[in-house]
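Raw final.csv, CSV, C-alpha atoms:
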```
chain,number,residue,atom,x,y,z
A,1,MET,CA,-22.8,30.0,31.7
A,2,LYS,CA,-23.5,32.2,34.6
A,3,LEU,CA,-26.6,32.4,36.9
A,4,ASN,CA,-27.5,35.9,35.5
A,5,GLN,CA,-27.6,34.4,32.0
A,6,LEU,CA,-30.2,31.7,32.8
A,7,SER,CA,-33.6,32.2,31.4
A,8,ALA,CA,-36.8,30.2,31.7
A,9,VAL,CA,-38.0,27.9,28.9
A,10,PRO,CA,-40.6,29.5,26.7
A,11,GLY,CA,-44.0,28.8,28.1
A,12,ALA,CA,-42.8,28.1,31.6
A,13,THR,CA,-43.7,31.5,33.0
A,14,LYS,CA,-47.0,33.3,32.7
A,15,GLU,CA,-47.7,37.0,33.0
A,16,ALA,CA,-49.8,38.0,36.0
A,17,LYS,CA,-53.4,38.9,35.3
A,18,ARG,CA,-53.6,42.7,35.8
A,19,ILE,CA,-57.0,43.3,37.2
A,20,GLY,CA,-58.9,46.6,37.2
A,21,ARG,CA,-56.9,48.2,34.3
A,22,GLY,CA,-59.8,49.0,31.9
A,23,HIS,CA,-61.5,47.4,28.9
A,24,GLY,CA,-58.3,47.2,26.9
A,25,SER,CA,-56.8,44.7,29.3
A,26,GLY,CA,-59.5,42.1,28.5
A,27,ASN,CA,-60.7,42.2,32.1
A,28,GLY,CA,-62.7,45.4,32.0
A,29,LYS,CA,-65.8,46.5,33.9
A,30,THR,CA,-66.2,43.7,36.5
A,31,ALA,CA,-62.4,42.9,36.4
A,32,GLY,CA,-62.9,39.1,36.1
A,33,LYS,CA,-65.1,38.9,39.2
A,34,GLY,CA,-68.5,38.5,37.5
A,35,HIS,CA,-71.6,40.4,38.5
A,36,LYS,CA,-72.2,41.2,42.2
A,37,GLY,CA,-72.3,38.6,44.9
A,38,GLN,CA,-70.1,37.9,47.9
A,39,LYS,CA,-67.1,37.0,45.9
A,40,ALA,CA,-67.2,40.2,43.9
A,41,ARG,CA,-66.9,42.5,46.9
A,42,ALA,CA,-63.6,43.9,48.1
A,43,GLY,CA,-61.9,41.7,50.7
A,44,HIS,CA,-64.4,38.9,50.2
A,45,GLY,CA,-64.2,37.2,53.6
A,46,MET,CA,-65.0,33.5,53.3
A,47,ARG,CA,-62.8,31.3,55.4
A,48,PRO,CA,-61.4,28.1,54.0
A,49,GLY,CA,-63.9,25.3,54.0
A,50,PHE,CA,-66.9,27.7,54.0
A,51,GLU,CA,-69.8,26.2,51.9
A,52,GLY,CA,-72.3,29.0,51.8
A,53,GLY,CA,-73.9,28.1,55.1
A,54,GLN,CA,-74.3,24.4,54.3
A,55,MET,CA,-72.8,22.2,57.0
A,56,PRO,CA,-69.1,22.0,56.0
A,57,LEU,CA,-67.5,18.7,55.1
A,58,GLN,CA,-65.1,18.8,58.1
A,59,ARG,CA,-68.2,18.9,60.4
A,60,ARG,CA,-70.3,16.4,58.4
A,61,ILE,CA,-67.8,13.6,58.6
A,62,PRO,CA,-67.8,11.7,61.9
A,63,LYS,CA,-64.8,11.9,64.3
A,64,ARG,CA,-62.7,8.8,64.6
A,65,GLY,CA,-60.1,7.6,67.0
A,66,PHE,CA,-58.5,8.8,70.2
A,67,ASN,CA,-55.2,10.4,71.0
A,68,ASN,CA,-53.9,9.4,74.4
A,69,ILE,CA,-51.9,12.4,75.8
A,70,PHE,CA,-50.5,10.2,78.6
A,71,ALA,CA,-49.2,7.5,76.3
A,72,LYS,CA,-45.5,6.6,76.7
A,73,GLU,CA,-43.5,6.4,73.5
A,74,VAL,CA,-41.4,3.2,73.5
A,75,VAL,CA,-38.6,3.0,71.0
A,76,SER,CA,-37.4,-0.6,70.3
A,77,ILE,CA,-34.4,-2.1,68.7
A,78,ASN,CA,-33.4,-5.7,68.0
A,79,VAL,CA,-30.4,-7.5,69.5
A,80,GLY,CA,-28.9,-7.9,66.0
A,81,SER,CA,-28.1,-4.2,65.8
A,82,LEU,CA,-26.0,-4.4,69.0
A,83,ASN,CA,-23.2,-6.2,67.2
A,84,ARG,CA,-21.7,-2.8,66.1
A,85,PHE,CA,-20.4,-2.2,69.6
A,86,GLU,CA,-17.0,-3.5,70.9
A,87,ASP,CA,-16.8,-6.5,73.1
A,88,GLY,CA,-17.4,-5.6,76.8
A,89,ALA,CA,-19.1,-2.2,76.0
A,90,GLN,CA,-21.8,-0.6,78.0
A,91,VAL,CA,-24.9,-0.1,75.8
A,92,ASP,CA,-27.5,2.5,76.9
A,93,VAL,CA,-29.7,5.1,75.2
A,94,GLU,CA,-26.8,7.6,74.9
A,95,ALA,CA,-24.5,5.0,73.3
A,96,LEU,CA,-27.2,4.0,70.8
A,97,LEU,CA,-27.9,7.6,69.9
A,98,ALA,CA,-24.2,8.3,69.4
A,99,ALA,CA,-23.8,5.2,67.2
A,100,GLY,CA,-26.8,6.1,65.1
A,101,VAL,CA,-28.9,3.0,66.0
A,102,LEU,CA,-31.6,5.2,67.5
A,103,LYS,CA,-32.8,8.3,65.7
A,104,LYS,CA,-34.6,9.9,68.7
A,105,ARG,CA,-34.9,9.4,72.5
A,106,GLY,CA,-38.3,8.1,73.5
A,107,ASP,CA,-39.8,7.7,76.9
A,108,ALA,CA,-38.5,4.1,77.2
A,109,LEU,CA,-36.2,1.7,75.3
A,110,LYS,CA,-37.1,-1.9,74.7
A,111,ILE,CA,-34.8,-4.6,73.3
A,112,LEU,CA,-36.4,-7.2,71.1
A,113,ALA,CA,-35.0,-10.6,70.0
A,114,ASN,CA,-34.7,-10.4,66.2
A,115,GLY,CA,-31.1,-11.3,65.1
A,116,GLU,CA,-28.1,-12.7,66.9
A,117,VAL,CA,-25.7,-11.0,69.3
A,118,THR,CA,-22.2,-12.3,69.2
A,119,LYS,CA,-20.4,-9.9,71.7
A,120,LYS,CA,-20.3,-9.7,75.5
A,121,LEU,CA,-22.2,-6.5,76.2
A,122,THR,CA,-23.8,-4.9,79.2
A,123,VAL,CA,-27.2,-3.6,77.9
A,124,LYS,CA,-29.2,-1.1,80.0
A,125,ALA,CA,-32.8,-0.5,78.9
A,126,GLN,CA,-36.3,0.0,80.4
A,127,ALA,CA,-37.6,-3.4,79.0
A,128,PHE,CA,-36.4,-6.6,77.4
A,129,SER,CA,-38.3,-9.3,75.7
A,130,GLU,CA,-37.6,-12.7,77.3
A,131,ALA,CA,-35.9,-14.1,74.2
A,132,ALA,CA,-33.7,-10.9,73.9
A,133,LYS,CA,-32.6,-11.3,77.5
A,134,ALA,CA,-31.8,-14.9,76.9
A,135,LYS,CA,-29.7,-14.1,73.8
A,136,ILE,CA,-27.7,-11.4,75.5
A,137,GLU,CA,-27.0,-13.6,78.5
A,138,ALA,CA,-26.1,-16.6,76.2
A,139,ALA,CA,-23.5,-14.4,74.6
A,140,GLY,CA,-21.9,-13.7,78.0
A,141,GLY,CA,-23.4,-10.3,78.5
A,142,LYS,CA,-25.8,-8.7,81.0
A,143,ALA,CA,-29.3,-7.3,80.5
A,144,GLU,CA,-30.0,-4.7,83.1
A,145,VAL,CA,-33.4,-3.1,83.6
A,146,VAL,CA,-33.1,0.6,84.3
```
Would you mind writing the file out in structure tokens?
Amino acid sequence: MKLNQLSAVPGATKEAKRIGRGHGSGNGKTAGKGHKGQKARAGHGMRPGFEGGQMPLQRRIPKRGFNNIFAKEVVSINVGSLNRFEDGAQVDVEALLAAGVLKKRGDALKILANGEVTKKLTVKAQAFSEAAKAKIEAAGGKAEVV
């Protein structure tokens, strides 16, 4: 079977409604637009959400929340995910991105304490939890705040 031999399943496609083609089309006279009114006119210009002059829903519902434009995005990882690096490696944001541990670079990197680290690593990050720092140093590594 070739691509040019494929055909749609019967009933899957529908012929377009041909408007303004006379009485024989089944859409004669008003062409399916009813009698007069704003929607019957050519180029009827009502924007999305317009409710005929009634206060629109998006304006009736109260606003909620606040978006802080100065907020710093902190990406965090657990010490358990540091075990994929070799013994004695330098672990920083670039190394984590290259290894696929981080998906994107945030404004800051924080190391959290979930899991166990078994290798001696030098970890460079903007922040560490106290327990994470203790686990890295207990394994013989260094936790450096950048």
* region 73-82 of chain A surroundings by all atoms listed in the file, 8 Å radius, close-in-sequence under 4 positions cut, as a PyMOL selection string -> chain A and resi 101-102+105-117+132+135-136
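Interatomic distance, CA of His44 (chain A) against CA of Asn27 (chain A): 18.8 Å.
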* To do: Show which residues sit within 9 Å of Glu86 (chain A), as a VMD selection string. Count only C-alpha atoms, and ignore same-chain residues fewer than 3 positions away.
  => chain A and resid 83 89 119 to 121
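Coordinates place CA of Arg59 (chain A) at a distance of 25.4 Å from CA of Gly37 (chain A).
Residues near the point (-17.1, -7.4, 81.0), at a distance of 9 Å or less over all atoms listed in the file, make up Asp87, Gly88, Ala89, Gln90, Lys120, Leu121, Thr122, Gly140, Gly141 and Lys142 of chain A.
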* To do: Using CA of His35 (chain A) and CA of Gly20 (chain A) as the two end points, give the distance in Å to one decimal.
  => 14.2 Å
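The shortest atom-to-atom distance to Gln38 (chain A), with all atoms listed in the file taken into account, belongs to A:Gly52 out of A:Pro10, A:Gly52, A:Gly26, A:Gly100.
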* **Among listed residues A:Gly43, A:Gly65, A:Gly32, A:Pro48, nearest Lys17 (chain A) (using all atoms listed in the file)** => A:Gly32
Since the input is missing atoms for region 57-88 of chain A, could you rebuild it with N, CA and C atoms and give the result as a short mmCIF file (atom, residue, chain, number, x, y, z; two decimals), in the coordinates of the input?
```
data_model
loop_
_atom_site.label_atom_id
_atom_site.label_comp_id
_atom_site.auth_asym_id
_atom_site.auth_seq_id
_atom_site.Cartn_x
_atom_site.Cartn_y
_atom_site.Cartn_z
N LEU A 57 -67.87 20.14 55.14
CA LEU A 57 -67.50 18.70 55.10
C LEU A 57 -66.74 18.30 56.33
N GLN A 58 -65.86 19.15 56.88
CA GLN A 58 -65.10 18.80 58.10
C GLN A 58 -66.00 18.60 59.30
N ARG A 59 -67.23 19.13 59.25
CA ARG A 59 -68.20 18.90 60.40
C ARG A 59 -69.19 17.84 60.05
N ARG A 60 -69.37 17.50 58.77
CA ARG A 60 -70.30 16.40 58.40
C ARG A 60 -69.72 15.05 58.63
N ILE A 61 -68.41 14.94 58.51
CA ILE A 61 -67.80 13.60 58.60
C ILE A 61 -67.57 13.30 60.11
N PRO A 62 -67.89 12.06 60.52
CA PRO A 62 -67.80 11.70 61.90
C PRO A 62 -66.33 11.70 62.41
N LYS A 63 -66.17 11.99 63.70
CA LYS A 63 -64.80 11.90 64.30
C LYS A 63 -64.45 10.48 64.54
N ARG A 64 -63.17 10.17 64.39
CA ARG A 64 -62.70 8.80 64.60
C ARG A 64 -61.47 8.83 65.48
N GLY A 65 -61.35 7.81 66.33
CA GLY A 65 -60.10 7.60 67.00
C GLY A 65 -59.98 8.42 68.32
N PHE A 66 -58.81 8.26 68.92
CA PHE A 66 -58.50 8.80 70.20
C PHE A 66 -57.03 9.02 70.32
N ASN A 67 -56.60 10.14 70.83
CA ASN A 67 -55.20 10.40 71.00
C ASN A 67 -54.87 10.48 72.49
N ASN A 68 -54.23 9.46 73.02
CA ASN A 68 -53.90 9.40 74.40
C ASN A 68 -52.75 10.33 74.75
N ILE A 69 -53.02 11.40 75.49
CA ILE A 69 -51.90 12.40 75.80
C ILE A 69 -51.00 11.85 76.86
N PHE A 70 -51.37 10.77 77.54
CA PHE A 70 -50.50 10.20 78.60
C PHE A 70 -49.71 9.01 78.08
N ALA A 71 -49.83 8.64 76.81
CA ALA A 71 -49.20 7.50 76.30
C ALA A 71 -47.64 7.65 76.32
N LYS A 72 -46.93 6.60 76.66
CA LYS A 72 -45.50 6.60 76.70
C LYS A 72 -44.97 6.13 75.30
N GLU A 73 -44.01 6.83 74.74
CA GLU A 73 -43.50 6.40 73.50
C GLU A 73 -42.28 5.49 73.70
N VAL A 74 -42.45 4.24 73.30
CA VAL A 74 -41.40 3.20 73.50
C VAL A 74 -40.69 3.01 72.19
N VAL A 75 -39.37 3.28 72.18
CA VAL A 75 -38.60 3.00 71.00
C VAL A 75 -37.95 1.61 71.19
N SER A 76 -37.94 0.81 70.14
CA SER A 76 -37.40 -0.60 70.30
C SER A 76 -36.37 -0.84 69.24
N ILE A 77 -35.39 -1.65 69.62
CA ILE A 77 -34.40 -2.10 68.70
C ILE A 77 -34.19 -3.61 68.88
N ASN A 78 -33.60 -4.24 67.90
CA ASN A 78 -33.40 -5.70 68.00
C ASN A 78 -31.93 -5.96 68.42
N VAL A 79 -31.72 -7.14 68.99
CA VAL A 79 -30.40 -7.50 69.50
C VAL A 79 -29.38 -7.58 68.35
N GLY A 80 -29.84 -7.84 67.14
CA GLY A 80 -28.90 -7.90 66.00
C GLY A 80 -28.20 -6.63 65.72
N SER A 81 -28.79 -5.49 66.10
CA SER A 81 -28.10 -4.20 65.80
C SER A 81 -27.15 -3.82 66.96
N LEU A 82 -26.98 -4.69 67.98
CA LEU A 82 -26.00 -4.40 69.00
C LEU A 82 -24.61 -4.88 68.69
N ASN A 83 -24.48 -5.61 67.59
CA ASN A 83 -23.20 -6.20 67.20
C ASN A 83 -22.17 -5.10 66.78
N ARG A 84 -22.62 -3.89 66.52
CA ARG A 84 -21.70 -2.80 66.10
C ARG A 84 -20.84 -2.30 67.25
N PHE A 85 -21.20 -2.61 68.49
CA PHE A 85 -20.40 -2.20 69.60
C PHE A 85 -19.27 -3.14 69.92
N GLU A 86 -18.18 -2.63 70.55
CA GLU A 86 -17.00 -3.50 70.90
C GLU A 86 -17.37 -4.44 71.97
N ASP A 87 -16.57 -5.48 72.06
CA ASP A 87 -16.80 -6.50 73.10
C ASP A 87 -16.58 -5.85 74.48
N GLY A 88 -17.51 -6.09 75.39
CA GLY A 88 -17.40 -5.60 76.80
C GLY A 88 -17.94 -4.14 76.92
#
```
